[in-house]
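A quick write-up on the structure given underneath.
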Amino acid sequence: MAIDITTRENAQALIETQLIRSIQQDVPKESIFMQLATRLPNMTSNQSKMPVLDVLPMTYWVDGDTGYKGVSRAAWDNVYINAEELAVIIPISENVLSDASYDIWAQIKPRANEAIAAAVDAAVFFDINRPSSWPNGIVTQARNAGNNVSPASKDYFDLIMGEGGVLDKVEQDGYVVNGVVAVPGVKAKLRGLRTTDGVPIFTQTMQESTRYALDGSPLYIMDNGAFDAKSAQLIAGDFKQAVYAIRQDVTVKILDQGVIQDPSSKDIVYNLAQQDMVALRIVFRMGWALPKAATRLDPDRAGCPFAYLEPSTALTTQTVTITVNDGVNDGVNDGVDAEGLELMAANPVEGATVNFNGSIKKTNSSGQVTFTAIAGKYPTSVKKTGYQGTSETIEVASSPVSKTMVITAKA
């Protein structure tokens, strides 16, 4: 005889599923750059100007009691910090907000701040989506200063700590490394370093956490997703030389009127009032610079307070060759053009300072300097004492670029 019972299926409508109040998620990450760089007072407009020592004065020994004393000078340059805006609008239905068991805005805001941090780090370090008014990223400036180290060998201790290594590149330019930023995989490479006797250098015991530091400088793993492993494995430098200023701290506003348009097509996607929706608008404005004042070890400001270890396959860049002349015919016949007319080149200007959006070099005897860059637009200026300076924006695409810039002698 079958005996009926009330099964789980029979009572399913009466069984309530427990809701765990905690949400499983990662802790929002912060900006590594903004942790380590020097913060200046908040900006009062969209641009700030910082005077930077450009030419160091010299002293000279006097020959005898009646010798003439030498004459020298000092000069200063302006470095500009331009505020650029990071922003996002997040629309959501009012019914969804009302029906949710959690405070949705409270969940979104920290993640928006994390996205801001990642965008800042990506632009400052790697030129990823860099605003056009910002200087070259740290990796680009280091590469143009010759502060890139190729991993020709797998001896990471020598690549980082040895002569010609990452730390040495920074020190040769007169700076002291006070921080190292790396991709997460670098920890495994450091744990694998051993002495000639096979003893681990960084890991003394497997039972305790390892303190990662390079020559006393702390190692920071960029875990906000901004580190571009195609550009570098590790970046070391004097982070106090980099400066930033905030024009508008993170501002949050709830919108309940207006329309939301597609940024590309400009088509209206949502009408907040008509569709009973609200939107969270988040805005942040800041700027940064790497002033690179003249020092006794780097009087031309051509060095960089940062250096980096390249990935196994170096990032593809384009060569930018800039030739500076004075616009005056040098009187030398350089051939003929298609119409049979003689070609006369202008006089090259040696020792002119070329500022390629923050990367600085001086022209050689042929009036040339060479930079490397990824695709983008690069404001470029040329100056030399006794000449009228010039500036223009050079655009780099997918091929090498050659550019001639003319500075005329002052009357």
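So you can find residues: chains in the structure tokens are A, B, ... in the order shown, residues in each start at 1, and ligands are numbered from 1 in order.
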**Asked** Can you list every residue in range 52-188 of chain A that DSSP puts in strand (DSSP E), as an MDAnalysis selection string?
**Response** chainID A and resid 52:55 75:82 84:93 148:149 179:182
**Message:** Taking 6 positions as the minimum chain separation for residues in the same chain, which residues sit within 10 Å of range 217-229 of chain A when counting only C-alpha atoms? Answer as a PyMOL selection string.
**Reply:** chain A and resi 28-33+36+114-115+117-123+125-128+176-187+211+235-238+310-312+315
Next, dump the selected residues to file, keeping only C-alpha atoms, as a PDB file, in the first residue's frame.
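The resulting file, result35.pdb, is reproduced below:
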```
ATOM      1  CA  PRO A  28      38.241  48.319  -6.259  1.00  0.00           C
ATOM      2  CA  LYS A  29      41.782  49.221  -7.337  1.00  0.00           C
ATOM      3  CA  GLU A  30      43.434  52.631  -7.162  1.00  0.00           C
ATOM      4  CA  SER A  31      45.773  54.536  -9.472  1.00  0.00           C
ATOM      5  CA  ILE A  32      49.422  53.596  -8.981  1.00  0.00           C
ATOM      6  CA  PHE A  33      50.571  56.840 -10.600  1.00  0.00           C
ATOM      7  CA  LEU A  36      53.468  57.662  -6.176  1.00  0.00           C
ATOM      8  CA  GLU A 114      38.363  52.258 -10.305  1.00  0.00           C
ATOM      9  CA  ALA A 115      37.790  52.858 -14.020  1.00  0.00           C
ATOM     10  CA  ALA A 117      42.209  55.131 -11.890  1.00  0.00           C
ATOM     11  CA  ALA A 118      42.860  52.625 -14.668  1.00  0.00           C
ATOM     12  CA  ALA A 119      42.327  55.237 -17.401  1.00  0.00           C
ATOM     13  CA  VAL A 120      44.781  57.635 -15.728  1.00  0.00           C
ATOM     14  CA  ASP A 121      47.475  54.959 -15.359  1.00  0.00           C
ATOM     15  CA  ALA A 122      47.029  53.731 -18.933  1.00  0.00           C
ATOM     16  CA  ALA A 123      47.370  57.250 -20.374  1.00  0.00           C
ATOM     17  CA  PHE A 125      52.374  55.285 -18.392  1.00  0.00           C
ATOM     18  CA  PHE A 126      51.547  53.919 -21.858  1.00  0.00           C
ATOM     19  CA  ASP A 127      49.881  56.684 -23.949  1.00  0.00           C
ATOM     20  CA  ILE A 128      46.704  54.588 -24.169  1.00  0.00           C
ATOM     21  CA  VAL A 176      67.299  58.016  -7.615  1.00  0.00           C
ATOM     22  CA  VAL A 177      64.806  55.201  -8.063  1.00  0.00           C
ATOM     23  CA  ASN A 178      62.121  55.300  -5.364  1.00  0.00           C
ATOM     24  CA  GLY A 179      59.497  53.039  -6.876  1.00  0.00           C
ATOM     25  CA  VAL A 180      59.030  50.186  -9.325  1.00  0.00           C
ATOM     26  CA  VAL A 181      55.789  49.330 -11.133  1.00  0.00           C
ATOM     27  CA  ALA A 182      55.347  45.976 -12.818  1.00  0.00           C
ATOM     28  CA  VAL A 183      52.970  43.607 -14.526  1.00  0.00           C
ATOM     29  CA  PRO A 184      51.725  40.819 -12.179  1.00  0.00           C
ATOM     30  CA  GLY A 185      53.890  38.143 -13.847  1.00  0.00           C
ATOM     31  CA  VAL A 186      57.104  39.842 -12.686  1.00  0.00           C
ATOM     32  CA  LYS A 187      56.686  38.390  -9.191  1.00  0.00           C
ATOM     33  CA  ARG A 211      58.657  41.263   0.623  1.00  0.00           C
ATOM     34  CA  ILE A 235      59.024  50.452 -14.960  1.00  0.00           C
ATOM     35  CA  ALA A 236      61.379  52.004 -12.403  1.00  0.00           C
ATOM     36  CA  GLY A 237      61.981  55.639 -11.644  1.00  0.00           C
ATOM     37  CA  ASP A 238      62.019  58.680  -9.443  1.00  0.00           C
ATOM     38  CA  GLU A 310      60.982  45.775 -22.559  1.00  0.00           C
ATOM     39  CA  PRO A 311      58.829  42.697 -23.190  1.00  0.00           C
ATOM     40  CA  SER A 312      60.356  39.798 -25.089  1.00  0.00           C
ATOM     41  CA  LEU A 315      56.527  47.372 -29.054  1.00  0.00           C
TER      42      LEU A 315
END
```
**Message:** I need the residue nearest Asn136 in chain A from this list: A:Phe284, A:Trp105, A:Phe356, A:Tyr387. Use only C-alpha atoms for the distance.
**Reply:** A:Phe356
**Message:** At a cut-off of 8 Å, using only C-alpha atoms, what residues contact Thr319 in chain A? Leave out same-chain residues fewer than 5 positions from it and give the result as a list in words.
**Reply:**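 Final neighbour list, sorted by chain and number: Thr370, Phe371, Thr372, Ala373, Ser399, Pro400 and Val401 of chain A.
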Saved selection, atoms kept: N, CA and C atoms, as a PDB file, in the first residue's frame:
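For reference, again-v2.pdb as written:
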```pdb
ATOM      1  N   THR A 370      66.150  62.307 -33.861  1.00  0.00           N
ATOM      2  CA  THR A 370      65.266  61.191 -34.162  1.00  0.00           C
ATOM      3  C   THR A 370      64.543  60.763 -32.910  1.00  0.00           C
ATOM      4  N   PHE A 371      63.238  60.600 -33.021  1.00  0.00           N
ATOM      5  CA  PHE A 371      62.406  60.096 -31.937  1.00  0.00           C
ATOM      6  C   PHE A 371      61.690  58.837 -32.413  1.00  0.00           C
ATOM      7  N   THR A 372      61.111  58.115 -31.471  1.00  0.00           N
ATOM      8  CA  THR A 372      60.225  56.999 -31.819  1.00  0.00           C
ATOM      9  C   THR A 372      58.891  57.231 -31.135  1.00  0.00           C
ATOM     10  N   ALA A 373      57.818  56.810 -31.799  1.00  0.00           N
ATOM     11  CA  ALA A 373      56.488  57.077 -31.253  1.00  0.00           C
ATOM     12  C   ALA A 373      55.485  56.087 -31.823  1.00  0.00           C
ATOM     13  N   SER A 399      53.729  54.595 -40.513  1.00  0.00           N
ATOM     14  CA  SER A 399      54.981  54.602 -41.265  1.00  0.00           C
ATOM     15  C   SER A 399      55.901  55.681 -40.703  1.00  0.00           C
ATOM     16  N   PRO A 400      57.212  55.584 -41.002  1.00  0.00           N
ATOM     17  CA  PRO A 400      58.152  56.596 -40.510  1.00  0.00           C
ATOM     18  C   PRO A 400      57.791  57.993 -41.000  1.00  0.00           C
ATOM     19  N   VAL A 401      58.170  58.984 -40.205  1.00  0.00           N
ATOM     20  CA  VAL A 401      57.834  60.374 -40.512  1.00  0.00           C
ATOM     21  C   VAL A 401      59.116  61.198 -40.608  1.00  0.00           C
TER      22      VAL A 401
END
```
**Non-local contacts of Gly386 in chain A (10 Å; only C-alpha atoms; under 5 positions in same chain excluded) as a ChimeraX atom specification** = /A:407-411
